[in-house]
file input.pdb (PDB, C-alpha atoms)
MODEL        1
ATOM      1  CA  MET D  24       0.000   0.000   0.000
ATOM      2  CA  LEU D  25       1.456   3.338  -1.022
ATOM      3  CA  HIS D  26       1.175   6.451   1.103
ATOM      4  CA  SER D  27      -1.063   8.188  -1.434
ATOM      5  CA  GLU D  28      -3.688   5.560  -0.674
ATOM      6  CA  ILE D  29      -3.729   6.005   3.094
ATOM      7  CA  GLY D  30      -3.827   9.752   3.604
ATOM      8  CA  LYS D  31      -1.422  12.342   4.895
ATOM      9  CA  ASP D  32      -0.133  10.969   8.181
ATOM     10  CA  PRO D  33       1.520   7.657   9.087
ATOM     11  CA  VAL D  34      -0.818   7.551  12.094
ATOM     12  CA  SER D  35      -3.620   6.743   9.641
ATOM     13  CA  VAL D  36      -2.119   3.235   9.438
ATOM     14  CA  GLU D  37      -3.307   1.565  12.621
ATOM     15  CA  LEU D  38      -0.825  -0.638  14.509
ATOM     16  CA  PRO D  39      -2.047  -3.827  16.203
ATOM     17  CA  ARG D  40      -2.094  -3.405  19.979
ATOM     18  CA  GLY D  41       0.130  -5.790  21.934
ATOM     19  CA  LYS D  42       1.127  -7.907  18.918
ATOM     20  CA  SER D  43       4.732  -8.422  17.866
ATOM     21  CA  LEU D  44       5.747  -6.328  14.867
ATOM     22  CA  TRP D  45       8.919  -6.660  12.778
ATOM     23  CA  GLY D  46      11.987  -6.910  14.979
ATOM     24  CA  ASP D  47       9.822  -7.769  18.011
ATOM     25  CA  ALA D  48       8.548  -4.202  18.352
ATOM     26  CA  LEU D  49       5.305  -3.788  20.307
ATOM     27  CA  PHE D  50       2.598  -1.131  20.144
ATOM     28  CA  PHE D  51       0.462  -0.231  23.166
ATOM     29  CA  ARG D  52      -2.195   2.358  23.875
ATOM     30  CA  GLY D  53      -2.121   3.288  27.541
ATOM     31  CA  LYS D  54      -5.429   3.867  29.299
ATOM     32  CA  SER D  55      -4.030   5.742  32.281
ATOM     33  CA  GLU D  56      -0.820   7.208  33.676
ATOM     34  CA  CYS D  57      -0.493   4.185  35.949
ATOM     35  CA  GLU D  58      -0.726   1.812  33.007
ATOM     36  CA  GLU D  59       1.863   3.815  31.078
ATOM     37  CA  ALA D  60       4.229   3.739  34.039
ATOM     38  CA  GLU D  61       3.820  -0.039  34.287
ATOM     39  CA  LEU D  62       4.485  -0.422  30.540
ATOM     40  CA  LEU D  63       7.683   1.598  30.856
ATOM     41  CA  ARG D  64       8.835  -0.519  33.786
ATOM     42  CA  LYS D  65       8.118  -3.845  32.073
ATOM     43  CA  GLN D  66       9.640  -3.017  28.706
ATOM     44  CA  LEU D  67      12.855  -1.372  29.908
ATOM     45  CA  ASP D  68      15.094  -4.454  29.826
ATOM     46  CA  GLU D  69      13.841  -6.339  26.763
ATOM     47  CA  ARG D  70      12.890  -3.370  24.567
ATOM     48  CA  PRO D  71      15.057  -0.407  25.564
ATOM     49  CA  TYR D  72      13.967   1.851  22.700
ATOM     50  CA  ALA D  73      10.616   3.600  22.930
ATOM     51  CA  ALA D  74       8.508   6.291  21.315
ATOM     52  CA  THR D  75       5.291   8.034  22.288
ATOM     53  CA  GLY D  76       3.080  10.799  20.973
ATOM     54  CA  THR D  77       3.117  14.164  22.718
ATOM     55  CA  GLY D  78       0.080  15.755  21.105
ATOM     56  CA  GLU D  79       2.102  18.684  19.774
ATOM     57  CA  GLU D  80       0.981  19.494  16.244
ATOM     58  CA  GLY D  81       3.579  19.003  13.536
ATOM     59  CA  ASP D  82       3.818  18.268   9.824
ATOM     60  CA  LEU D  83       3.249  14.559  10.465
ATOM     61  CA  THR D  84       1.677  12.490  13.229
ATOM     62  CA  PHE D  85       3.285   9.173  14.098
ATOM     63  CA  LEU D  86       1.752   8.431  17.497
ATOM     64  CA  ARG D  87      -1.063   9.967  19.505
ATOM     65  CA  PRO D  88      -0.747  10.854  23.199
ATOM     66  CA  GLY D  89      -0.919   7.657  25.229
ATOM     67  CA  GLU D  90       0.332   5.504  22.345
ATOM     68  CA  TRP D  91       3.676   3.767  22.780
ATOM     69  CA  VAL D  92       5.995   1.651  20.656
ATOM     70  CA  PHE D  93       8.759  -0.383  22.318
ATOM     71  CA  ALA D  94      11.535  -2.202  20.469
ATOM     72  CA  PRO D  95      14.799  -4.037  21.197
ATOM     73  CA  PHE D  96      16.747  -1.993  18.631
ATOM     74  CA  LYS D  97      16.503   1.334  16.805
ATOM     75  CA  GLU D  98      15.613  -0.038  13.379
ATOM     76  CA  ALA D  99      12.598  -1.944  14.670
ATOM     77  CA  LEU D 100      11.317   1.079  16.576
ATOM     78  CA  ILE D 101      11.536   3.402  13.566
ATOM     79  CA  ALA D 102      10.069   0.790  11.208
ATOM     80  CA  ALA D 103       6.991   0.545  13.432
ATOM     81  CA  VAL D 104       6.612   4.227  14.336
ATOM     82  CA  THR D 105       6.912   5.451  10.734
ATOM     83  CA  ARG D 106       4.985   2.488   9.212
ATOM     84  CA  TRP D 107       8.054   2.231   6.964
ATOM     85  CA  ASP D 108       6.989  -0.779   4.911
ATOM     86  CA  GLN D 109       3.258  -0.095   5.036
ATOM     87  CA  ILE D 110       3.579   3.312   3.404
ATOM     88  CA  GLY D 111       6.228   2.143   0.969
ATOM     89  CA  ILE D 112       9.398   3.999   1.963
ATOM     90  CA  LYS D 113      12.119   2.785  -0.400
ATOM     91  CA  THR D 114      15.920   2.783  -0.222
ATOM     92  CA  ARG D 115      17.872   3.299  -3.444
ATOM     93  CA  TRP D 116      21.476   3.871  -4.460
ATOM     94  CA  TYR D 117      21.952   7.147  -6.370
ATOM     95  CA  GLU D 118      24.946   7.254  -8.747
ATOM     96  CA  TRP D 119      25.818  10.953  -8.477
ATOM     97  CA  ARG D 120      28.916  10.681 -10.636
ATOM     98  CA  ALA D 121      26.878   9.452 -13.620
ATOM     99  CA  ASP D 122      24.089  12.036 -13.327
ATOM    100  CA  GLN D 123      24.917  14.735 -15.881
ATOM    101  CA  SER D 124      21.932  16.871 -14.795
ATOM    102  CA  ALA D 125      22.801  16.943 -11.071
ATOM    103  CA  VAL D 126      23.142  20.343  -9.366
ATOM    104  CA  PRO D 127      25.712  20.595  -7.924
ATOM    105  CA  SER D 128      27.459  18.136 -10.213
ATOM    106  CA  TYR D 129      30.013  15.529  -9.231
ATOM    107  CA  ASP D 130      32.646  17.525 -11.178
ATOM    108  CA  ASP D 131      31.795  20.602  -9.082
ATOM    109  CA  PHE D 132      32.373  18.538  -5.949
ATOM    110  CA  VAL D 133      35.759  17.321  -7.240
ATOM    111  CA  ARG D 134      36.906  20.888  -7.960
ATOM    112  CA  ASP D 135      35.659  22.127  -4.585
ATOM    113  CA  HIS D 136      37.416  19.293  -2.775
ATOM    114  CA  GLN D 137      40.703  20.136  -4.492
ATOM    115  CA  GLU D 138      40.380  23.794  -3.548
ATOM    116  CA  ARG D 139      39.585  22.943   0.060
ATOM    117  CA  GLU D 140      42.633  20.710   0.353
ATOM    118  CA  ALA D 141      44.789  23.782   0.958
ATOM    119  CA  LEU D 142      42.563  24.811   3.880
ATOM    120  CA  PHE D 143      42.793  21.296   5.288
ATOM    121  CA  GLN D 144      46.569  21.131   4.981
ATOM    122  CA  SER D 145      46.977  24.522   6.682
ATOM    123  CA  ASN D 146      44.634  23.535   9.503
ATOM    124  CA  ARG D 147      42.121  26.264   8.651
ATOM    125  CA  MET D 148      39.012  24.103   8.938
ATOM    126  CA  THR D 149      36.728  23.411  11.852
ATOM    127  CA  LEU D 150      36.757  19.892  13.244
ATOM    128  CA  PHE D 151      33.505  19.068  11.464
ATOM    129  CA  GLU D 152      34.677  20.524   8.149
ATOM    130  CA  ALA D 153      37.899  18.537   8.374
ATOM    131  CA  ARG D 154      36.004  15.343   9.142
ATOM    132  CA  ASP D 155      33.778  15.785   6.106
ATOM    133  CA  HIS D 156      36.767  16.650   3.923
ATOM    134  CA  VAL D 157      38.520  13.405   4.857
ATOM    135  CA  LEU D 158      35.405  11.237   4.760
ATOM    136  CA  TYR D 159      33.838  12.554   1.551
ATOM    137  CA  THR D 160      36.485  12.470  -1.155
ATOM    138  CA  PRO D 161      36.127  12.110  -4.938
ATOM    139  CA  ALA D 162      37.076   8.454  -4.490
ATOM    140  CA  THR D 163      34.581   7.651  -1.723
ATOM    141  CA  LEU D 164      31.632   9.905  -2.588
ATOM    142  CA  THR D 165      30.622   8.805  -6.077
ATOM    143  CA  GLY D 166      27.012   8.417  -4.985
ATOM    144  CA  TYR D 167      24.866   7.836  -1.911
ATOM    145  CA  TRP D 168      21.799   6.041  -0.604
ATOM    146  CA  LEU D 169      18.444   7.780  -0.888
ATOM    147  CA  LEU D 170      15.076   7.396   0.793
ATOM    148  CA  GLU D 171      12.111   7.676  -1.567
ATOM    149  CA  ASN D 172       8.344   7.891  -1.082
ATOM    150  CA  LEU D 173       8.683   9.619   2.271
ATOM    151  CA  PRO D 174       5.318  10.672   3.735
ATOM    152  CA  ASN D 175       3.814  14.013   2.760
ATOM    153  CA  GLY D 176       6.347  14.424  -0.051
ATOM    154  CA  MET D 177       9.213  15.071   2.373
ATOM    155  CA  SER D 178      12.795  15.373   1.157
ATOM    156  CA  MET D 179      15.807  13.752   2.824
ATOM    157  CA  ALA D 180      16.695  17.145   4.333
ATOM    158  CA  ASP D 181      13.154  17.421   5.745
ATOM    159  CA  TRP D 182      13.322  13.904   7.158
ATOM    160  CA  PHE D 183      16.761  13.987   8.777
ATOM    161  CA  GLY D 184      17.358  17.686   9.315
ATOM    162  CA  PRO D 185      20.184  19.939   8.102
ATOM    163  CA  LYS D 186      23.017  18.023   9.809
ATOM    164  CA  TYR D 187      22.421  14.745   7.990
ATOM    165  CA  ARG D 188      25.476  13.126   6.412
ATOM    166  CA  HIS D 189      24.983  10.764   3.470
ATOM    167  CA  PHE D 190      25.514   7.018   3.757
ATOM    168  CA  ILE D 191      28.017   6.334   0.961
ATOM    169  CA  LYS D 192      28.849   2.627   1.202
ATOM    170  CA  ARG D 193      28.322   1.658  -2.422
ATOM    171  CA  ASP D 194      28.594  -2.104  -1.899
ATOM    172  CA  ALA D 195      25.988  -2.202   0.883
ATOM    173  CA  THR D 196      22.930  -4.334   0.247
ATOM    174  CA  VAL D 197      19.542  -2.661   0.049
ATOM    175  CA  TRP D 198      18.649  -4.356   3.341
ATOM    176  CA  GLU D 199      21.802  -3.056   5.048
ATOM    177  CA  ALA D 200      21.192   0.452   3.715
ATOM    178  CA  LYS D 201      17.576   0.348   4.875
ATOM    179  CA  CYS D 202      18.562  -0.639   8.419
ATOM    180  CA  ILE D 203      21.281   2.016   8.575
ATOM    181  CA  MET D 204      18.821   4.672   7.386
ATOM    182  CA  GLN D 205      16.333   3.599  10.051
ATOM    183  CA  GLU D 206      19.006   3.742  12.730
ATOM    184  CA  ALA D 207      20.071   7.176  11.469
ATOM    185  CA  THR D 208      16.442   8.309  11.625
ATOM    186  CA  PHE D 209      16.333   7.468  15.328
ATOM    187  CA  ASP D 210      19.624   9.240  16.044
ATOM    188  CA  TYR D 211      18.802  12.402  14.107
ATOM    189  CA  TRP D 212      15.273  12.592  15.468
ATOM    190  CA  ARG D 213      16.554  12.240  19.013
ATOM    191  CA  ALA D 214      18.717  15.298  18.385
ATOM    192  CA  LEU D 215      15.994  17.231  16.553
ATOM    193  CA  SER D 216      13.110  16.422  18.920
ATOM    194  CA  PRO D 217      10.444  16.453  16.170
ATOM    195  CA  LYS D 218       7.083  17.929  17.072
ATOM    196  CA  GLY D 219       4.544  15.425  18.311
ATOM    197  CA  LEU D 220       7.005  12.601  18.977
ATOM    198  CA  LYS D 221       9.198  11.702  21.932
ATOM    199  CA  LEU D 222      11.960   9.116  21.575
ATOM    200  CA  LEU D 223      13.474   7.369  24.583
ATOM    201  CA  HIS D 224      16.446   5.100  25.180
ATOM    202  CA  GLY D 225      16.593   2.941  28.262
ATOM    203  CA  ARG D 226      20.046   3.095  29.833
ATOM    204  CA  ARG D 227      21.287   1.869  33.186
ATOM    205  CA  GLY D 228      17.806   1.003  34.350
ATOM    206  CA  THR D 229      16.172   4.335  33.508
ATOM    207  CA  TRP D 230      14.540   5.950  30.473
ATOM    208  CA  ASN D 231      16.351   8.881  28.911
TER     209      ASN D 231
ENDMDL
END
call {"tool": "encode", "arguments": {"input": "input.pdb", "output": "structure tokens"}}
result
Amino acid sequence: MLHSEIGKDPVSVELPRGKSLWGDALFFRGKSECEEAELLRKQLDERPYAATGTGEEGDLTFLRPGEWVFAPFKEALIAAVTRWDQIGIKTRWYEWRADQSAVPSYDDFVRDHQEREALFQSNRMTLFEARDHVLYTPATLTGYWLLENLPNGMSMADWFGPKYRHFIKRDATVWEAKCIMQEATFDYWRALSPKGLKLLHGRRGTWN
């Protein structure tokens, strides 16, 4: 089922309450604060990743207030919360070097990288600029993995935020790329704190 068939928000795809989803994720709808507290206590050890709706209005709604998803790892949590497979989010390798219509072009990137080498050698870059310069070279960054069919027509920049760094492992399988993108979604969303969604990680016996 494609997203165009189910409406604007992922929340329009209902999750089965208390039934195991992919990766052993579980969805619950709490009926009271006491029940929510008990859910958090019970799931902490086996499913240390959690998400709940806050009710704050945003561009998309993933969970309503009182709704929870628990999962043993990041990928499973994001797959359930976003309804990744149900709405048809796809992962695809994009060959930037071969795309003659790309703006900026791969050739532009090569020229820019060569010009920036002098800044790198003279230690005139920030730590983050230097890291990107070393990581993304003409040899390593010939293309990158894309997410397609994101809900509400979102772009990768919309989805991950402005600090996203491309996954550039060309020989990754589609499955590996998908899982890495889901894990990245959790990490970037934790930093961004998207409206309407709260992400938690259980560490050392407490939720953070």
call {"tool": "resolve_selection", "arguments": {"input": "input.pdb", "expression": "the PyMOL selection byres ((chain D and resi 165-169) around 12)", "output": "NGL selection string"}}
result
:D and (112-122 or 125 or 128-130 or 132-133 or 159-164 or 170-173 or 178-180 or 182-183 or 187-205)
call {"tool": "residues_around", "arguments": {"input": "input.pdb", "residues": "region 211-217 of chain D", "least_positions_apart": "3", "cutoff": "9 Å", "atoms": "only C-alpha atoms", "output": "PyMOL selection string"}}
result
chain D and resi 81+182-184+186-187+206-208+220-223
call {"tool": "atom_distance", "arguments": {"input": "input.pdb", "atom1": "CA of Asp131 (chain D)", "atom2": "CA of Arg154 (chain D)"}}
result
19.4 Å
call {"tool": "atom_distance", "arguments": {"input": "input.pdb", "atom1": "CA of Leu44 (chain D)", "atom2": "CA of Ala103 (chain D)"}}
result
7.1 Å
call {"tool": "closest_residue", "arguments": {"input": "input.pdb", "among": "D:Ala153, D:Gly89, D:Gly111, D:Lys97", "to": "Glu56 (chain D)", "atoms": "only C-alpha atoms"}}
result
D:Gly89
call {"tool": "closest_residue", "arguments": {"input": "input.pdb", "among": "D:Glu98, D:Pro174, D:Glu61, D:Phe143", "to": "Asp82 (chain D)", "atoms": "all atoms listed in the file"}}
result
D:Pro174
call {"tool": "closest_residue", "arguments": {"input": "input.pdb", "among": "D:Phe96, D:Trp230, D:Trp107, D:Phe151", "to": "Gly46 (chain D)", "atoms": "only C-alpha atoms"}}
result
D:Phe96
call {"tool": "residues_around", "arguments": {"input": "input.pdb", "residues": "Ala73 (chain D)", "least_positions_apart": "3", "cutoff": "9 Å", "atoms": "only C-alpha atoms", "output": "PyMOL selection string"}}
result
chain D and resi 63+66-67+70+91-95+97+100+221-225+230
call {"tool": "closest_residue", "arguments": {"input": "input.pdb", "among": "D:Phe50, D:Arg64, D:Gln137, D:Leu158", "to": "Gly76 (chain D)", "atoms": "only C-alpha atoms"}}
result
D:Phe50
call {"tool": "build_atoms", "arguments": {"input": "input.pdb", "residues": "region 111-146 of chain D", "atoms": "N, CA and C atoms", "output": "mmCIF file, in the frame of the given file"}}
result
data_model
loop_
_atom_site.group_PDB
_atom_site.id
_atom_site.type_symbol
_atom_site.label_atom_id
_atom_site.label_comp_id
_atom_site.auth_asym_id
_atom_site.auth_seq_id
_atom_site.Cartn_x
_atom_site.Cartn_y
_atom_site.Cartn_z
ATOM 1 N N GLY D 111 5.406 2.322 2.164
ATOM 2 C CA GLY D 111 6.228 2.143 0.969
ATOM 3 C C GLY D 111 7.472 2.994 0.882
ATOM 4 N N ILE D 112 8.121 3.294 2.022
ATOM 5 C CA ILE D 112 9.398 3.999 1.963
ATOM 6 C C ILE D 112 10.433 3.076 1.326
ATOM 7 N N LYS D 113 11.160 3.586 0.343
ATOM 8 C CA LYS D 113 12.119 2.785 -0.400
ATOM 9 C C LYS D 113 13.538 3.333 -0.229
ATOM 10 N N THR D 114 14.512 2.426 -0.293
ATOM 11 C CA THR D 114 15.920 2.783 -0.222
ATOM 12 C C THR D 114 16.563 2.487 -1.569
ATOM 13 N N ARG D 115 17.289 3.467 -2.107
ATOM 14 C CA ARG D 115 17.872 3.299 -3.444
ATOM 15 C C ARG D 115 19.239 3.966 -3.519
ATOM 16 N N TRP D 116 20.162 3.290 -4.223
ATOM 17 C CA TRP D 116 21.476 3.871 -4.460
ATOM 18 C C TRP D 116 21.384 4.897 -5.590
ATOM 19 N N TYR D 117 21.929 6.082 -5.367
ATOM 20 C CA TYR D 117 21.952 7.147 -6.370
ATOM 21 C C TYR D 117 23.380 7.337 -6.851
ATOM 22 N N GLU D 118 23.612 7.125 -8.156
ATOM 23 C CA GLU D 118 24.946 7.254 -8.747
ATOM 24 C C GLU D 118 25.159 8.709 -9.174
ATOM 25 N N TRP D 119 25.637 9.517 -8.246
ATOM 26 C CA TRP D 119 25.818 10.953 -8.477
ATOM 27 C C TRP D 119 26.799 11.220 -9.612
ATOM 28 N N ARG D 120 27.866 10.460 -9.647
ATOM 29 C CA ARG D 120 28.916 10.681 -10.636
ATOM 30 C C ARG D 120 28.396 10.550 -12.065
ATOM 31 N N ALA D 121 27.396 9.698 -12.274
ATOM 32 C CA ALA D 121 26.878 9.452 -13.620
ATOM 33 C C ALA D 121 25.729 10.374 -14.006
ATOM 34 N N ASP D 122 25.244 11.176 -13.063
ATOM 35 C CA ASP D 122 24.089 12.036 -13.327
ATOM 36 C C ASP D 122 24.562 13.376 -13.904
ATOM 37 N N GLN D 123 24.439 13.528 -15.209
ATOM 38 C CA GLN D 123 24.917 14.735 -15.881
ATOM 39 C C GLN D 123 24.054 15.962 -15.590
ATOM 40 N N SER D 124 22.838 15.757 -15.075
ATOM 41 C CA SER D 124 21.932 16.871 -14.795
ATOM 42 C C SER D 124 21.948 17.302 -13.332
ATOM 43 N N ALA D 125 22.780 16.661 -12.510
ATOM 44 C CA ALA D 125 22.801 16.943 -11.071
ATOM 45 C C ALA D 125 23.320 18.357 -10.796
ATOM 46 N N VAL D 126 22.704 19.023 -9.824
ATOM 47 C CA VAL D 126 23.142 20.343 -9.366
ATOM 48 C C VAL D 126 23.209 20.317 -7.834
ATOM 49 N N PRO D 127 24.415 20.468 -7.250
ATOM 50 C CA PRO D 127 25.712 20.595 -7.924
ATOM 51 C C PRO D 127 26.126 19.272 -8.557
ATOM 52 N N SER D 128 27.016 19.334 -9.516
ATOM 53 C CA SER D 128 27.459 18.136 -10.213
ATOM 54 C C SER D 128 28.605 17.474 -9.454
ATOM 55 N N TYR D 129 28.887 16.238 -9.821
ATOM 56 C CA TYR D 129 30.013 15.529 -9.231
ATOM 57 C C TYR D 129 31.321 16.256 -9.564
ATOM 58 N N ASP D 130 31.440 16.783 -10.788
ATOM 59 C CA ASP D 130 32.646 17.525 -11.178
ATOM 60 C C ASP D 130 32.830 18.772 -10.324
ATOM 61 N N ASP D 131 31.717 19.437 -9.980
ATOM 62 C CA ASP D 131 31.795 20.602 -9.082
ATOM 63 C C ASP D 131 32.355 20.190 -7.728
ATOM 64 N N PHE D 132 31.900 19.046 -7.239
ATOM 65 C CA PHE D 132 32.373 18.538 -5.949
ATOM 66 C C PHE D 132 33.872 18.248 -5.998
ATOM 67 N N VAL D 133 34.334 17.643 -7.098
ATOM 68 C CA VAL D 133 35.759 17.321 -7.240
ATOM 69 C C VAL D 133 36.598 18.598 -7.202
ATOM 70 N N ARG D 134 36.167 19.624 -7.947
ATOM 71 C CA ARG D 134 36.906 20.888 -7.960
ATOM 72 C C ARG D 134 36.910 21.549 -6.584
ATOM 73 N N ASP D 135 35.763 21.519 -5.912
ATOM 74 C CA ASP D 135 35.659 22.127 -4.585
ATOM 75 C C ASP D 135 36.553 21.398 -3.598
ATOM 76 N N HIS D 136 36.585 20.075 -3.690
ATOM 77 C CA HIS D 136 37.416 19.293 -2.775
ATOM 78 C C HIS D 136 38.889 19.616 -2.976
ATOM 79 N N GLN D 137 39.309 19.790 -4.204
ATOM 80 C CA GLN D 137 40.703 20.136 -4.492
ATOM 81 C C GLN D 137 41.059 21.503 -3.935
ATOM 82 N N GLU D 138 40.130 22.449 -4.067
ATOM 83 C CA GLU D 138 40.380 23.794 -3.548
ATOM 84 C C GLU D 138 40.433 23.803 -2.021
ATOM 85 N N ARG D 139 39.638 22.974 -1.393
ATOM 86 C CA ARG D 139 39.585 22.943 0.060
ATOM 87 C C ARG D 139 40.767 22.189 0.670
ATOM 88 N N GLU D 140 41.491 21.456 -0.154
ATOM 89 C CA GLU D 140 42.633 20.710 0.353
ATOM 90 C C GLU D 140 43.668 21.643 0.981
ATOM 91 N N ALA D 141 43.836 22.817 0.397
ATOM 92 C CA ALA D 141 44.789 23.782 0.958
ATOM 93 C C ALA D 141 44.362 24.230 2.349
ATOM 94 N N LEU D 142 43.070 24.441 2.550
ATOM 95 C CA LEU D 142 42.563 24.811 3.880
ATOM 96 C C LEU D 142 42.803 23.688 4.878
ATOM 97 N N PHE D 143 42.595 22.459 4.413
ATOM 98 C CA PHE D 143 42.793 21.296 5.288
ATOM 99 C C PHE D 143 44.266 21.168 5.680
ATOM 100 N N GLN D 144 45.143 21.300 4.710
ATOM 101 C CA GLN D 144 46.569 21.131 4.981
ATOM 102 C C GLN D 144 47.108 22.220 5.898
ATOM 103 N N SER D 145 46.521 23.416 5.831
ATOM 104 C CA SER D 145 46.977 24.522 6.682
ATOM 105 C C SER D 145 46.189 24.631 7.981
ATOM 106 N N ASN D 146 45.385 23.604 8.241
ATOM 107 C CA ASN D 146 44.634 23.535 9.503
ATOM 108 C C ASN D 146 43.706 24.728 9.690
#
